[in-house]
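Q: Just one file: my_file.tsv, with TSV, C-alpha atoms.
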```
chain	number	residue	atom	x	y	z
U	1	MET	CA	78.33	-109.39	40.86
U	2	LEU	CA	76.11	-106.33	41.37
U	3	THR	CA	74.89	-106.20	44.96
U	4	SER	CA	73.24	-102.77	44.92
U	5	ILE	CA	72.13	-100.08	42.53
U	6	SER	CA	72.36	-96.31	42.65
U	7	SER	CA	70.11	-94.38	44.99
U	8	GLY	CA	68.08	-91.52	43.53
U	9	VAL	CA	65.78	-91.14	40.54
U	10	TRP	CA	64.86	-93.98	38.19
U	11	PRO	CA	62.25	-92.78	35.66
U	12	THR	CA	59.86	-95.39	34.31
U	13	MET	CA	60.48	-94.88	30.62
U	14	VAL	CA	57.79	-94.63	27.98
U	15	THR	CA	58.25	-96.40	24.66
U	16	PRO	CA	58.45	-94.22	21.54
U	17	PHE	CA	56.64	-95.62	18.51
U	18	THR	CA	56.81	-94.56	14.88
U	19	ASN	CA	53.59	-93.69	13.10
U	20	ASP	CA	53.54	-97.21	11.66
U	21	ASP	CA	53.75	-98.73	15.19
U	22	ARG	CA	57.40	-99.76	15.33
U	23	LEU	CA	59.94	-99.00	18.04
U	24	ASP	CA	61.42	-95.59	17.25
U	25	ARG	CA	65.14	-95.98	17.96
U	26	GLU	CA	65.99	-92.39	17.01
U	27	ALA	CA	63.47	-91.01	19.51
U	28	LEU	CA	64.58	-93.53	22.13
U	29	GLU	CA	68.20	-92.42	21.86
U	30	ALA	CA	67.12	-88.79	22.24
U	31	MET	CA	65.06	-89.74	25.29
U	32	VAL	CA	68.00	-91.47	26.96
U	33	GLU	CA	70.14	-88.37	26.39
U	34	TRP	CA	67.38	-86.17	27.83
U	35	TYR	CA	67.09	-88.24	31.00
U	36	LEU	CA	70.85	-88.33	31.49
U	37	ALA	CA	71.20	-84.58	30.94
U	38	ARG	CA	68.74	-84.09	33.79
U	39	GLY	CA	70.81	-86.10	36.21
U	40	VAL	CA	68.83	-89.30	36.59
U	41	ASP	CA	70.60	-92.00	38.57
U	42	GLY	CA	69.31	-94.93	36.53
U	43	LEU	CA	66.85	-95.91	33.83
U	44	PHE	CA	63.92	-98.29	34.27
U	45	ALA	CA	63.25	-99.59	30.77
U	46	VAL	CA	60.50	-102.06	29.87
U	47	CYS	CA	57.90	-101.43	32.55
U	48	GLN	CA	54.19	-100.62	32.60
U	49	SER	CA	54.91	-97.07	31.44
U	50	SER	CA	56.70	-98.70	28.50
U	51	GLU	CA	53.46	-100.59	27.71
U	52	MET	CA	55.28	-103.87	28.25
U	53	PHE	CA	52.05	-105.90	28.33
U	54	PHE	CA	51.48	-104.75	24.75
U	55	LEU	CA	54.98	-105.54	23.47
U	56	THR	CA	56.09	-108.85	22.04
U	57	LEU	CA	59.04	-110.58	23.70
U	58	PRO	CA	61.36	-109.63	20.80
U	59	GLU	CA	60.22	-106.01	21.20
U	60	ARG	CA	60.81	-106.07	24.96
U	61	VAL	CA	64.29	-107.49	24.40
U	62	ALA	CA	65.06	-104.95	21.68
U	63	LEU	CA	63.89	-102.10	23.89
U	64	ALA	CA	66.01	-103.17	26.86
U	65	LYS	CA	69.07	-103.72	24.66
U	66	ALA	CA	68.69	-100.35	22.97
U	67	VAL	CA	68.49	-98.49	26.30
U	68	VAL	CA	71.59	-100.32	27.56
U	69	ASP	CA	73.45	-99.46	24.36
U	70	PHE	CA	72.37	-95.81	24.31
U	71	ALA	CA	73.19	-95.33	28.00
U	72	GLY	CA	76.67	-96.67	27.28
U	73	GLY	CA	77.56	-97.22	30.93
U	74	ARG	CA	76.74	-93.63	31.92
U	75	ALA	CA	73.85	-94.87	34.07
U	76	GLU	CA	72.66	-98.23	35.27
U	77	VAL	CA	69.70	-99.79	33.48
U	78	ILE	CA	67.08	-102.16	34.84
U	79	ALA	CA	64.20	-103.72	32.93
U	80	SER	CA	61.17	-105.86	33.56
U	81	GLY	CA	59.27	-107.42	30.66
U	82	HIS	CA	58.18	-110.18	33.07
U	83	ILE	CA	54.56	-110.55	31.97
U	84	SER	CA	53.87	-114.23	31.29
U	85	ASP	CA	51.63	-116.53	33.32
U	86	SER	CA	53.45	-119.85	32.99
U	87	LEU	CA	56.68	-120.49	34.87
U	88	ASP	CA	58.44	-121.80	31.77
U	89	ALA	CA	57.63	-118.64	29.83
U	90	GLN	CA	58.68	-116.43	32.74
U	91	VAL	CA	62.06	-118.16	33.00
U	92	ALA	CA	62.61	-117.73	29.25
U	93	GLU	CA	61.69	-114.05	29.17
U	94	VAL	CA	63.76	-113.17	32.23
U	95	GLN	CA	66.80	-114.89	30.74
U	96	ARG	CA	66.29	-113.04	27.44
U	97	ILE	CA	66.05	-109.68	29.22
U	98	ALA	CA	69.11	-110.48	31.35
U	99	ASP	CA	71.10	-111.27	28.21
U	100	THR	CA	70.65	-107.67	27.01
U	101	GLY	CA	73.15	-106.53	29.64
U	102	VAL	CA	70.77	-104.78	32.03
U	103	ASP	CA	72.04	-104.41	35.58
U	104	ALA	CA	69.00	-106.15	37.06
U	105	VAL	CA	65.79	-107.79	35.88
U	106	VAL	CA	62.66	-106.59	37.66
U	107	LEU	CA	59.98	-109.17	38.40
U	108	VAL	CA	56.29	-108.31	38.60
U	109	THR	CA	54.86	-109.27	41.99
U	110	ASN	CA	51.47	-110.37	40.64
U	111	ARG	CA	52.97	-113.04	38.37
U	112	PHE	CA	53.63	-115.58	41.15
U	113	ALA	CA	50.11	-116.05	42.52
U	114	ARG	CA	46.61	-115.38	41.33
U	115	GLU	CA	44.53	-112.66	42.87
U	116	GLY	CA	43.14	-114.00	46.15
U	117	GLU	CA	45.84	-116.65	46.63
U	118	ASP	CA	47.85	-116.31	49.83
U	119	ASP	CA	51.51	-115.61	50.54
U	120	ASP	CA	52.36	-119.31	50.85
U	121	VAL	CA	51.38	-119.89	47.22
U	122	TRP	CA	53.43	-116.88	46.18
U	123	ILE	CA	56.54	-118.06	48.03
U	124	ALA	CA	56.26	-121.61	46.70
U	125	THR	CA	55.98	-120.39	43.11
U	126	LEU	CA	58.87	-117.97	43.51
U	127	GLU	CA	61.05	-120.72	45.00
U	128	ARG	CA	60.50	-122.84	41.87
U	129	PHE	CA	61.28	-119.84	39.71
U	130	LEU	CA	64.50	-118.93	41.54
U	131	ALA	CA	65.73	-122.52	41.28
U	132	ARG	CA	65.78	-122.09	37.50
U	133	ILE	CA	67.38	-118.63	37.33
U	134	PRO	CA	71.19	-118.33	37.60
U	135	ASP	CA	72.45	-116.61	40.74
U	136	SER	CA	74.40	-114.24	38.49
U	137	ILE	CA	71.17	-112.50	37.44
U	138	ARG	CA	70.37	-109.74	39.91
U	139	LEU	CA	66.66	-109.33	40.49
U	140	GLY	CA	64.20	-106.72	41.65
U	141	PHE	CA	60.46	-106.43	42.19
U	142	TYR	CA	57.78	-104.13	40.85
U	143	GLU	CA	54.35	-103.94	42.50
U	144	CYS	CA	52.72	-103.43	39.12
U	145	PRO	CA	49.04	-102.43	39.27
U	146	TYR	CA	48.17	-104.46	36.15
U	147	PRO	CA	46.48	-106.91	35.85
U	148	TYR	CA	46.03	-106.62	39.62
U	149	LYS	CA	48.14	-105.01	42.33
U	150	ARG	CA	49.94	-107.37	44.71
U	151	LEU	CA	51.84	-105.51	47.38
U	152	LEU	CA	54.64	-107.24	49.23
U	153	THR	CA	53.69	-107.81	52.85
U	154	PRO	CA	56.41	-107.43	55.49
U	155	ARG	CA	56.56	-111.24	55.61
U	156	LEU	CA	57.20	-111.47	51.86
U	157	MET	CA	59.70	-108.63	52.02
U	158	ALA	CA	61.63	-110.42	54.77
U	159	TRP	CA	61.53	-113.70	52.85
U	160	CYS	CA	62.86	-112.06	49.69
U	161	ALA	CA	65.62	-110.34	51.67
U	162	SER	CA	66.63	-113.69	53.17
U	163	THR	CA	67.31	-115.17	49.72
U	164	GLY	CA	69.99	-112.58	48.92
U	165	ARG	CA	68.74	-112.51	45.32
U	166	PHE	CA	66.94	-109.16	45.27
U	167	ILE	CA	68.32	-105.62	45.24
U	168	PHE	CA	65.36	-103.44	44.16
U	169	LEU	CA	61.71	-102.86	44.99
U	170	LYS	CA	59.50	-100.36	43.21
U	171	ASP	CA	56.88	-99.76	45.89
U	172	THR	CA	53.38	-98.73	44.78
U	173	SER	CA	51.62	-98.88	48.15
U	174	CYS	CA	51.30	-95.04	48.30
U	175	ASP	CA	51.38	-95.52	52.08
U	176	THR	CA	54.31	-94.42	54.22
U	177	GLY	CA	53.27	-96.74	57.05
U	178	GLN	CA	53.55	-99.75	54.76
U	179	ILE	CA	56.84	-98.48	53.40
U	180	ARG	CA	58.27	-98.23	56.92
U	181	GLU	CA	57.20	-101.81	57.66
U	182	LYS	CA	58.93	-103.05	54.50
U	183	LEU	CA	62.08	-101.07	55.17
U	184	ALA	CA	62.33	-102.56	58.65
U	185	VAL	CA	62.87	-106.02	57.10
U	186	ALA	CA	64.34	-105.04	53.72
U	187	GLY	CA	67.89	-106.19	54.35
U	188	GLY	CA	69.83	-105.51	51.15
U	189	ILE	CA	66.75	-104.61	49.10
U	190	GLN	CA	66.63	-100.94	48.17
U	191	LEU	CA	63.13	-99.46	48.09
U	192	TYR	CA	62.15	-96.85	45.50
U	193	ASN	CA	58.84	-95.07	45.97
U	194	ALA	CA	56.60	-94.74	42.91
U	195	ASN	CA	54.30	-92.24	44.62
U	196	ALA	CA	55.17	-88.54	44.43
U	197	ALA	CA	52.95	-87.39	47.30
U	198	THR	CA	54.70	-89.59	49.88
U	199	LEU	CA	58.24	-89.33	48.52
U	200	LEU	CA	59.79	-87.06	51.14
U	201	GLU	CA	58.26	-89.07	53.98
U	202	SER	CA	59.65	-92.27	52.47
U	203	LEU	CA	63.13	-90.76	52.04
U	204	GLU	CA	63.07	-89.77	55.70
U	205	ALA	CA	62.13	-93.37	56.52
U	206	GLY	CA	65.09	-94.76	54.56
U	207	ALA	CA	63.83	-95.24	51.00
U	208	ALA	CA	66.55	-95.17	48.34
U	209	GLY	CA	64.75	-92.88	45.91
U	210	TYR	CA	61.99	-92.36	43.40
U	211	SER	CA	60.90	-94.53	40.48
U	212	GLY	CA	57.71	-93.27	38.92
U	213	VAL	CA	55.98	-91.81	35.91
U	214	MET	CA	56.69	-88.18	36.83
U	215	GLY	CA	60.31	-88.87	35.98
U	216	ASN	CA	59.13	-88.36	32.40
U	217	PHE	CA	58.10	-84.77	33.14
U	218	HIS	CA	60.69	-83.20	35.46
U	219	PRO	CA	63.19	-85.76	36.77
U	220	GLN	CA	65.60	-83.00	37.78
U	221	LEU	CA	63.24	-81.85	40.53
U	222	TYR	CA	63.02	-85.36	41.95
U	223	GLY	CA	66.78	-85.58	41.75
U	224	TRP	CA	67.15	-82.41	43.80
U	225	LEU	CA	64.77	-83.73	46.45
U	226	CYS	CA	66.53	-87.08	46.70
U	227	ARG	CA	69.95	-85.44	47.01
U	228	HIS	CA	69.20	-82.43	49.21
U	229	TRP	CA	66.17	-83.21	51.41
U	230	CYS	CA	68.30	-83.77	54.49
U	231	GLU	CA	70.52	-80.67	54.24
U	232	GLN	CA	67.76	-78.25	53.17
U	233	PRO	CA	64.62	-79.56	54.88
U	234	GLU	CA	62.46	-76.45	54.49
U	235	VAL	CA	63.15	-76.12	50.77
U	236	ALA	CA	62.54	-79.85	50.44
U	237	ARG	CA	59.21	-79.54	52.20
U	238	ARG	CA	58.02	-76.84	49.79
U	239	LEU	CA	59.29	-78.76	46.77
U	240	GLN	CA	57.51	-81.88	48.01
U	241	ALA	CA	54.24	-79.95	48.17
U	242	PHE	CA	54.62	-78.93	44.54
U	243	LEU	CA	55.61	-82.41	43.35
U	244	GLY	CA	52.71	-84.03	45.15
U	245	VAL	CA	50.12	-81.72	43.57
U	246	ALA	CA	51.83	-81.74	40.15
U	247	SER	CA	51.71	-85.53	40.05
U	248	ALA	CA	47.94	-85.33	39.51
U	249	ILE	CA	48.87	-84.96	35.85
U	250	GLU	CA	49.44	-88.73	35.88
U	251	SER	CA	45.67	-89.05	35.37
U	252	ARG	CA	45.75	-86.92	32.21
U	253	ALA	CA	45.79	-89.51	29.42
U	254	TYR	CA	49.14	-91.01	30.42
U	255	PRO	CA	51.38	-92.05	28.65
U	256	VAL	CA	50.26	-89.70	25.87
U	257	SER	CA	50.72	-86.78	28.26
U	258	ALA	CA	54.31	-87.81	28.98
U	259	LYS	CA	55.09	-88.04	25.30
U	260	TYR	CA	53.62	-84.59	24.78
U	261	ALA	CA	55.77	-83.25	27.60
U	262	LEU	CA	58.85	-84.76	25.93
U	263	GLN	CA	57.80	-83.24	22.60
U	264	LEU	CA	57.72	-79.84	24.30
U	265	GLU	CA	61.32	-80.51	25.35
U	266	GLY	CA	62.22	-80.83	21.68
U	267	LEU	CA	62.42	-84.62	21.48
U	268	PRO	CA	61.46	-86.14	18.10
U	269	LEU	CA	58.79	-88.61	19.19
U	270	THR	CA	55.20	-89.14	18.16
U	271	LEU	CA	52.22	-89.33	20.52
U	272	ALA	CA	51.47	-92.87	19.35
U	273	THR	CA	50.86	-95.53	22.01
U	274	ARG	CA	49.32	-99.00	22.07
U	275	THR	CA	47.12	-98.31	25.08
U	276	ARG	CA	45.23	-95.15	24.22
U	277	ALA	CA	44.59	-92.70	21.40
U	278	PRO	CA	46.54	-89.45	21.13
U	279	LEU	CA	43.20	-87.63	20.99
U	280	ASP	CA	42.61	-88.68	24.62
U	281	LEU	CA	44.97	-85.84	25.47
U	282	ILE	CA	42.30	-83.18	25.06
U	283	TYR	CA	43.09	-79.48	24.70
U	284	ALA	CA	42.73	-78.75	28.43
U	285	PHE	CA	45.12	-81.60	29.31
U	286	ARG	CA	47.68	-80.25	26.85
U	287	ARG	CA	47.47	-76.85	28.46
U	288	GLU	CA	48.07	-78.44	31.87
U	289	VAL	CA	51.21	-80.15	30.57
U	290	GLU	CA	52.39	-76.86	29.09
U	291	GLN	CA	51.73	-75.00	32.34
U	292	LEU	CA	53.53	-77.68	34.34
U	293	ARG	CA	56.60	-77.08	32.16
U	294	VAL	CA	56.48	-73.34	32.93
U	295	LEU	CA	56.26	-73.96	36.68
U	296	THR	CA	59.02	-76.55	36.52
U	297	ALA	CA	61.38	-74.03	34.94
U	298	GLU	CA	60.56	-71.43	37.60
U	299	ILE	CA	61.10	-73.86	40.47
U	300	GLU	CA	64.32	-75.19	38.96
U	301	ALA	CA	65.63	-71.64	38.77
U	302	ARG	CA	64.77	-71.01	42.42
U	303	LEU	CA	66.50	-74.22	43.44
U	304	GLY	CA	69.57	-73.07	41.56
U	305	GLU	CA	69.53	-69.81	43.49
U	306	THR	CA	69.24	-71.78	46.74
U	307	ALA	CA	72.23	-73.91	45.82
U	308	GLY	CA	74.22	-70.80	44.93
```
As structure tokens, please, write out the structure in this file.

A:
Amino acid sequence: MLTSISSGVWPTMVTPFTNDDRLDREALEAMVEWYLARGVDGLFAVCQSSEMFFLTLPERVALAKAVVDFAGGRAEVIASGHISDSLDAQVAEVQRIADTGVDAVVLVTNRFAREGEDDDVWIATLERFLARIPDSIRLGFYECPYPYKRLLTPRLMAWCASTGRFIFLKDTSCDTGQIREKLAVAGGIQLYNANAATLLESLEAGAAGYSGVMGNFHPQLYGWLCRHWCEQPEVARRLQAFLGVASAIESRAYPVSAKYALQLEGLPLTLATRTRAPLDLIYAFRREVEQLRVLTAEIEARLGETAG
């Protein structure tokens, strides 16, 4: 039974669609190869970046299974797809995702209590859920911002650790103080920061790595930071400054911007999404994506010189 997952970079994958709004398997396979060639440590399929709230359950299952198949054991794969409101539906969808062969199923923290309900409600609902999920299914958590953001408090983090059922948390607090509090009680749960600006601070505090949208733009730079921050602190500090500022591109019509960035890398995917129009990526935003690619290449070359 899997008791941990790889430290490092876990990009939150976007979903490629054909022009007639179907899952584009050819583009997806090319994406998986692109991520792996850039040294990612794992793949987070079926998440908010994947537009999971706008995918049917069969589509979520097909997406997770395809990523597992295309990765072919070369990297671990986790997936969410946990979007339903009712407990019965949640149990069914988690079992379906687990059956695809992913290494862990990632639960969405806001699915176990309504906005405004307290931690006791959340724990009680999760206890009922866990009683119906086989122990063989390894689980993680994602503090998904949609439809509302529910951050794990230190109390909830400690409770989850005590169950021995969870191995992963994608933290979206964007607050190193909160991350430190969670890590203090995390037990066997590995924390992955979704926020680029606080990544180095979180690694210094004991976070396991990065899992965020910028993994769709330049995952190799995040990989360098996760692997070398301790041995080359000054280079890491300068790289962190670039990554933090560069992550502002997240606000530029994402996920269309990420798909455009992947197009520039030569991948055969369209700009189609189910959440926004390709035209939302206006000319100026496209230029920013193009310029980010130029700077990424320059910084990658400098890092190579440092390593040499």

Q: Could you pull the residues within 9 Å of segment 77-79 of chain U, counting all atoms listed in the file, minus those fewer than 5 positions along the same chain, as a list of chain:residue names?

A: U:Trp10, U:Gly42, U:Leu43, U:Phe44, U:Ala45, U:Val46, U:Cys47, U:Arg60, U:Ala64, U:Val67, U:Val68, U:Ala71, U:Ile97, U:Ala98, U:Gly101, U:Val102, U:Asp103, U:Ala104, U:Val105, U:Val106, U:Leu107, U:Gly140

Q: Counting all atoms listed in the file, which of U:Val32, U:Met157, U:Ala124, U:Ala205 gets nearest to Asp175 of chain U?

A: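 Result for the nearest residue to Asp175 of chain U: U:Ala205.
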
Q: Which residue, U:Leu199, U:Leu87, U:Ile167, U:Cys174, has the smallest gap to Leu130 of chain U when you use only C-alpha atoms?

A: U:Leu87

Q: In terms of the shortest atom-to-atom distance over all atoms listed in the file, which of U:Arg128, U:His218, U:Arg302, U:Arg286 is closest to Arg38 of chain U?

A: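 Looking at the shortest contact to Arg38 of chain U, the residue is U:His218.
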
Q: Please, what distance in Å, to one decimal, runs between atom CA of Ala131 of chain U and atom CA of Leu63 of chain U?

A: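 The value is 26.9 Å.
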
Q: Restricting the calculation to all atoms listed in the file: of U:Thr109, U:Asn19, U:Ser7, U:Ser136, which residue gets closest to Arg227 of chain U?

A: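 Using all atoms listed in the file, the shortest distance to Arg227 of chain U belongs to U:Ser7.
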
Q: Env of segment 239-249 of chain U: 9 Å cut, atoms = all atoms listed in the file, seq-sep filter 4 positions within chain, self excluded. Answer as a PyMOL selection string.

A: chain U and resi 195-200+213-214+221-222+225+234-235+253-254+257+285+288-289+292+299

Q: So which residues touch Thr273 of chain U within 10 Å, counting only C-alpha atoms, skipping near sequence neighbours fewer than 2 positions away, as a list in words?

A: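 Close residues of Thr273 of chain U: Val14, Thr15, Pro16, Phe17, Thr18, Asn19, Asp21, Ser50, Glu51, Phe54, Tyr254, Pro255, Val256, Lys259, Thr270, Leu271, Thr275, Arg276, Ala277 and Pro278 of chain U.
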
Q: Rounded to one decimal in Å, what is the spacing between atom CA of Ile179 of chain U and atom CA of Ser211 of chain U?

A: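 These atoms are spaced 14.1 Å apart.
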
Q: Hey, can you check how far atom CA of Asn110 of chain U sits from atom CA of Ile83 of chain U?

A: 9.2 Å

Q: Kindly indicate which residue among U:Val40, U:Leu262, U:Ala194, U:Leu151 lies nearest to Ala207 of chain U, using all atoms listed in the file for the distances.

A: U:Ala194

Q: Go through segment 78-161 of chain U and flag each residue having an atom no more than 10 Å from segment 181-186 of chain U; for those, report the closest pair of atoms plus their distance in Å to one decimal, using all atoms listed in the file, ordered by chain and rising number, as CSV.

A:
```
residue,atom,partner,partner_atom,distance
U:Leu152,CA,U:Lys182,CA,8.0
U:Thr153,CA,U:Lys182,CA,7.3
U:Pro154,CA,U:Lys182,CA,5.1
U:Arg155,CA,U:Val185,CA,8.3
U:Leu156,CA,U:Lys182,CA,9.0
U:Met157,CA,U:Ala186,CA,6.1
U:Ala158,CA,U:Val185,CA,5.1
U:Trp159,CA,U:Val185,CA,8.9
U:Cys160,CA,U:Ala186,CA,8.2
U:Ala161,CA,U:Ala186,CA,5.8
```
